[in-house]
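Report on the following structure.
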Amino acid sequence: MEQGLSRTWACDLDKFIEAHLLPNTSFRTEVKAAIKIICDFLKERCFRDAAHPVRVSKVVKGGSSGKGTALKGRSDADLVVFLNNLTSFEDQLKRRGEFIQEIKKQLYELQHRSHIKVKFEVQSSKQSNLRALSFKLSSYQLQQEVEFDVLPAYDVLGQLNCSKPNPGIYSRLIRECTSLGKEGEFSTCFTELQRNFLKHRPPKLKSLIRLVKHWYQLCKEKLRELLPPQYALELLTVYAWERGSGVTEFNTAQGFRTVLELVTKYRQLRIYWTEYYDFQDQEVSNYLRRQLRKNRPVILDPADPTGNVAGLNSDGWKLLAEEALASLQYPCFKCCGGSPVRSWDVLMEVPMPQ
């Protein structure tokens with residue numbers, strides 16, 4: 001696959017994505033069926049026999065499956081279980097372990113019931129307060145295993161009736177995060193917003209995200225080092241498209257080149273969005289300004305201002321930037337006639353309001 005990308009010309013990039021990176025229909029159907037099995041279990045059966053009443057307000061599909069950016073052959077799904085029993089961010093931090101243990105216990109019981117033809121392989125861990133329960137699911141209907149991460153969360157958003165949450169929610173998040181020293185810890189509470197941020201984007205942008213993710217996975221396999229989070233690269237791709245193109249149909253090679261060039265200039269990056277939070281509320285505004293003045297790269301989670309998804313791993317960014325610089329020599333950044341593909345004109349930083 002690495003050789004495939006490194007030998008592909010710019011004019012053939014879309015064909016490469018279609019052939020190697022887009023999940024096929026039967027694969028998507030299988031993953032959808034697996035997700036339904038687990039969602040039904042979590043909503044209807046999992047906590048039915050719990051010692052204390054547990055109410056699941058909703059189960060939200062996050063990750064690449066929820067956003068519509070899954071790569072071919074990578075069958076993973078994040079399911080966030082919102083529980084009415086969790087009444088604050090701190091509550092989620094303290095109690096998620098007990099709910100994970102209950103889910104784990106019920107999964108084992110479920111597979112031992114004769115009429116349920118599923119098998120679970122739960123990741124073992126001695127930690128008492130896990131953030132997520134990781135397991136694999138297989139059944140006679142599925143051609144391959146599907147990997148799941150199930151994460152209990154506090155339902156701070158409730159039923160989303162409008163596109164922009166009340167700023168009071170973010171004020172509360174900021175206060176609790178800073179007092180607990182857990183900035184970025186509660187992004188799961190905003191999974192619906194993370195999903196919505198990407199879900200309705202043009203199909204071609206999602207294909208570009210897949211291409212960037214594929215390149216990132218190749219770097220990860222080659223370097224075997226701790227790299228910046230993949231989510232940072234996804235957001236960088238959205239930013240490049242928004243600022244450099246913004247149209248439904250665009251040149252994939254130009255988009256890909258722009259993202260890799262942004263990676264090489266990681267020390268200059270300061271990126272944020274105001275789709276779900278902004279500078280109108282004083283408390284949120286003061287916090288945002290502090291976040292955006294921190295050492296770069298800064299890429300704020302569009303759904304959670306406390307999460308700088310660029311992370312603090314400057315060594316990882318340096319390695320990724322070196323790989324990006326080397327990759328820019330690939331034929332996929334040359335037109336079929338041999339002339340170089342031009343990148344989009346994109347600023348390294350989003351200005352802050354005065």
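Chain lettering (A, B, ...) mirrors the order of the structure tokens, residue numbering begins at 1 for each chain separately, and ligand numbering begins at 1 in order of display.
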Test item: residues at most 8 Å from A:Ile174, only C-alpha atoms, excluding those fewer than 6 positions along its chain, as a PyMOL selection string
chain A and resi 183+284+287+306
Please save N, CA and C atoms of the selected residues as a PDB file, in the first residue's frame.
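Saved file out04.pdb follows:
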ATOM      1  N   GLU A 183      -7.958  19.084  31.625  1.00  0.00           N
ATOM      2  CA  GLU A 183      -8.370  19.698  30.366  1.00  0.00           C
ATOM      3  C   GLU A 183      -8.330  18.670  29.229  1.00  0.00           C
ATOM      4  N   VAL A 284     -15.768  32.155  28.762  1.00  0.00           N
ATOM      5  CA  VAL A 284     -15.282  31.315  27.658  1.00  0.00           C
ATOM      6  C   VAL A 284     -14.229  32.077  26.848  1.00  0.00           C
ATOM      7  N   TYR A 287     -10.855  32.253  28.603  1.00  0.00           N
ATOM      8  CA  TYR A 287     -10.199  30.941  28.556  1.00  0.00           C
ATOM      9  C   TYR A 287      -9.633  30.666  27.155  1.00  0.00           C
ATOM     10  N   THR A 306     -11.353  22.944  25.739  1.00  0.00           N
ATOM     11  CA  THR A 306     -10.293  22.543  26.681  1.00  0.00           C
ATOM     12  C   THR A 306      -9.341  21.529  26.055  1.00  0.00           C
TER      13      THR A 306
END
Please identify all polymer residues within 9 Å of stretch 153-168 of chain A, counting only C-alpha atoms, omitting same-chain residues fewer than 6 positions from it, and present them as a PyMOL selection string.
chain A and resi 57-58+80-89+91-93+96+186+188-190+192-193+275-278+280-281+284
Write out as a PyMOL selection string which residues come within 12 Å of A:Pro203 when counting only C-alpha atoms, dropping same-chain ones fewer than 4 positions away.
chain A and resi 14+17-18+22+67-69+198-199+207-210+247-250+252
Using only C-alpha atoms, which of A:Leu79, A:Ala132, A:Leu269, A:Leu42 sits nearest A:Val309?
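Distance minimum relative to A:Val309 lands on A:Leu269.
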Using only C-alpha atoms, which protein or nucleic acid residues come within 10 Å of A:Leu13? Drop anything in the same chain fewer than 3 positions from it, and give the result as a list in words.
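Listing them by chain and then by number gives Leu5, Thr8, Trp9, Ala10, Phe16, Ile17, Glu18, Ala19, Leu208, Leu211, Asn251, Thr252, Ala253, Phe256, Cys332 and Phe333 of chain A.
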From a backbone DSSP assignment, name each residue in stretch 98-287 of chain A labelled strand (DSSP E or B), as a PyMOL selection string.
chain A and resi 118-122+133-139+146-154+270-271
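Between atom CA of A:Val346 and atom CA of A:Leu325 the separation is 17.5 Å.
Residues with any atom within 10 Å of A:Val263, counting only C-alpha atoms and excluding same-chain neighbours fewer than 4 positions away, are A:Leu233, A:Leu236, A:Arg257, A:Thr258, A:Val259, A:Arg267, A:Gln268, A:Leu269, A:Pro297, A:Trp317, A:Lys318, A:Leu320, A:Ala321, A:Glu322, A:Glu323, A:Ala324, A:Leu325.
Remark: for A:Ser245, the closest of the candidate residues A:Glu225, A:Asp345, A:Asp301, A:Glu109 is A:Asp345 (distances computed over only C-alpha atoms).
Shortest atom-to-atom contact with A:Lys206 among A:Leu319, A:Ala303, A:Val238, A:Ala232: A:Val238, counting only C-alpha atoms.
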Considering only C-alpha atoms, can you say which of A:Lys15, A:Arg342, A:Arg7, A:Lys104 comes closest to A:Glu261?
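Using only C-alpha atoms, A:Glu261 sits closest to A:Arg342.
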Please return as an NGL selection string: the residues of stretch 80-321 of chain A that backbone DSSP assigns to helix (DSSP H, G or I).
:A and (89-112 or 167-180 or 187-199 or 203-223 or 230-244 or 252-264 or 266-268 or 282-292 or 314-321)
Take the selection from the previous step and output its residues with C-alpha atoms, as a CSV table (one decimal), in the first residue's frame.
chain,number,residue,atom,x,y,z
A,89,PHE,CA,-17.9,16.0,34.8
A,90,GLU,CA,-16.3,15.1,38.1
A,91,ASP,CA,-18.9,12.3,38.6
A,92,GLN,CA,-17.9,10.9,35.2
A,93,LEU,CA,-14.2,10.9,36.2
A,94,LYS,CA,-14.9,9.1,39.5
A,95,ARG,CA,-17.6,6.6,38.5
A,96,ARG,CA,-16.9,5.6,34.9
A,97,GLY,CA,-14.9,2.6,36.2
A,98,GLU,CA,-17.9,1.0,38.0
A,99,PHE,CA,-20.1,1.3,34.9
A,100,ILE,CA,-17.3,-0.2,32.7
A,101,GLN,CA,-17.1,-3.1,35.1
A,102,GLU,CA,-20.9,-3.6,34.9
A,103,ILE,CA,-20.8,-3.5,31.0
A,104,LYS,CA,-17.9,-6.0,31.0
A,105,LYS,CA,-19.8,-8.4,33.4
A,106,GLN,CA,-23.0,-8.2,31.3
A,107,LEU,CA,-21.0,-8.8,28.0
A,108,TYR,CA,-19.7,-12.1,29.4
A,109,GLU,CA,-23.2,-13.1,30.4
A,110,LEU,CA,-24.6,-12.2,27.0
A,111,GLN,CA,-22.3,-14.5,25.1
A,112,HIS,CA,-23.2,-17.4,27.3
A,167,PRO,CA,-22.3,28.9,26.5
A,168,GLY,CA,-23.1,28.1,30.2
A,169,ILE,CA,-22.2,24.5,29.4
A,170,TYR,CA,-18.7,25.5,28.3
A,171,SER,CA,-18.3,27.8,31.3
A,172,ARG,CA,-19.1,24.9,33.5
A,173,LEU,CA,-16.7,22.6,31.6
A,174,ILE,CA,-13.9,25.1,31.8
A,175,ARG,CA,-14.4,25.6,35.6
A,176,GLU,CA,-14.5,21.9,36.4
A,177,CYS,CA,-11.6,21.0,34.0
A,178,THR,CA,-9.3,23.6,35.4
A,179,SER,CA,-10.1,22.8,39.0
A,180,LEU,CA,-9.6,19.1,38.4
A,187,SER,CA,-14.3,15.4,25.0
A,188,THR,CA,-16.5,12.2,25.0
A,189,CYS,CA,-19.4,14.4,26.4
A,190,PHE,CA,-19.3,16.3,23.2
A,191,THR,CA,-19.1,13.3,20.8
A,192,GLU,CA,-22.4,14.4,19.0
A,193,LEU,CA,-20.9,17.8,18.1
A,194,GLN,CA,-17.6,16.2,17.0
A,195,ARG,CA,-19.6,13.8,14.8
A,196,ASN,CA,-21.8,16.6,13.4
A,197,PHE,CA,-18.8,18.8,12.6
A,198,LEU,CA,-17.7,16.2,10.0
A,199,LYS,CA,-20.8,14.2,9.2
A,203,PRO,CA,-17.9,13.2,0.2
A,204,LYS,CA,-14.7,14.3,-1.5
A,205,LEU,CA,-13.5,16.0,1.6
A,206,LYS,CA,-14.1,12.8,3.5
A,207,SER,CA,-12.1,10.9,0.9
A,208,LEU,CA,-9.2,13.4,1.4
A,209,ILE,CA,-9.4,12.8,5.1
A,210,ARG,CA,-9.2,9.0,4.4
A,211,LEU,CA,-6.1,9.6,2.3
A,212,VAL,CA,-4.4,11.7,5.0
A,213,LYS,CA,-5.3,9.0,7.6
A,214,HIS,CA,-3.8,6.4,5.4
A,215,TRP,CA,-0.6,8.4,5.0
A,216,TYR,CA,-0.6,8.9,8.8
A,217,GLN,CA,-1.0,5.1,9.4
A,218,LEU,CA,1.9,4.4,7.0
A,219,CYS,CA,4.1,6.8,9.0
A,220,LYS,CA,3.0,5.2,12.3
A,221,GLU,CA,3.9,1.7,11.0
A,222,LYS,CA,7.3,2.9,9.7
A,223,LEU,CA,8.4,5.0,12.7
A,230,GLN,CA,-4.7,11.2,14.2
A,231,TYR,CA,-7.6,13.5,15.1
A,232,ALA,CA,-5.3,16.5,14.7
A,233,LEU,CA,-4.6,15.5,11.1
A,234,GLU,CA,-8.3,15.1,10.4
A,235,LEU,CA,-9.0,18.6,11.7
A,236,LEU,CA,-6.0,20.0,9.8
A,237,THR,CA,-7.5,18.5,6.6
A,238,VAL,CA,-10.9,20.2,7.3
A,239,TYR,CA,-9.1,23.5,8.0
A,240,ALA,CA,-7.0,23.2,4.8
A,241,TRP,CA,-10.2,22.6,2.7
A,242,GLU,CA,-12.3,25.3,4.4
A,243,ARG,CA,-9.6,28.0,4.0
A,244,GLY,CA,-8.1,26.9,0.7
A,252,THR,CA,-7.3,15.9,-4.3
A,253,ALA,CA,-3.6,16.3,-4.9
A,254,GLN,CA,-3.7,20.0,-4.1
A,255,GLY,CA,-5.6,19.3,-0.9
A,256,PHE,CA,-3.2,16.5,0.1
A,257,ARG,CA,-0.2,18.7,-0.6
A,258,THR,CA,-1.6,21.6,1.5
A,259,VAL,CA,-2.2,19.3,4.5
A,260,LEU,CA,1.4,17.9,4.4
A,261,GLU,CA,2.8,21.4,4.0
A,262,LEU,CA,0.9,22.5,7.1
A,263,VAL,CA,2.4,19.5,8.9
A,264,THR,CA,5.9,20.7,8.0
A,266,TYR,CA,3.6,22.7,12.7
A,267,ARG,CA,5.4,25.3,14.9
A,268,GLN,CA,3.3,28.0,13.4
A,282,GLN,CA,-16.7,36.5,28.9
A,283,GLU,CA,-15.6,33.4,30.8
A,284,VAL,CA,-15.3,31.3,27.7
A,285,SER,CA,-13.6,34.2,25.8
A,286,ASN,CA,-10.9,34.7,28.6
A,287,TYR,CA,-10.2,30.9,28.6
A,288,LEU,CA,-10.0,30.7,24.7
A,289,ARG,CA,-7.5,33.6,24.6
A,290,ARG,CA,-5.3,31.8,27.2
A,291,GLN,CA,-5.5,28.5,25.2
A,292,LEU,CA,-4.6,30.2,21.9
A,314,SER,CA,6.9,18.2,19.8
A,315,ASP,CA,9.2,15.3,19.1
A,316,GLY,CA,6.3,13.4,17.4
A,317,TRP,CA,5.4,16.5,15.3
A,318,LYS,CA,9.1,16.8,14.3
A,319,LEU,CA,9.2,13.2,13.1
A,320,LEU,CA,5.8,13.6,11.2
A,321,ALA,CA,7.1,16.8,9.6
Report the distance between atom CA of A:Leu137 and atom CA of A:Thr29 in Å, rounded to one decimal place.
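Atom CA of A:Thr29 lies at a distance of 14.9 Å from atom CA of A:Leu137.
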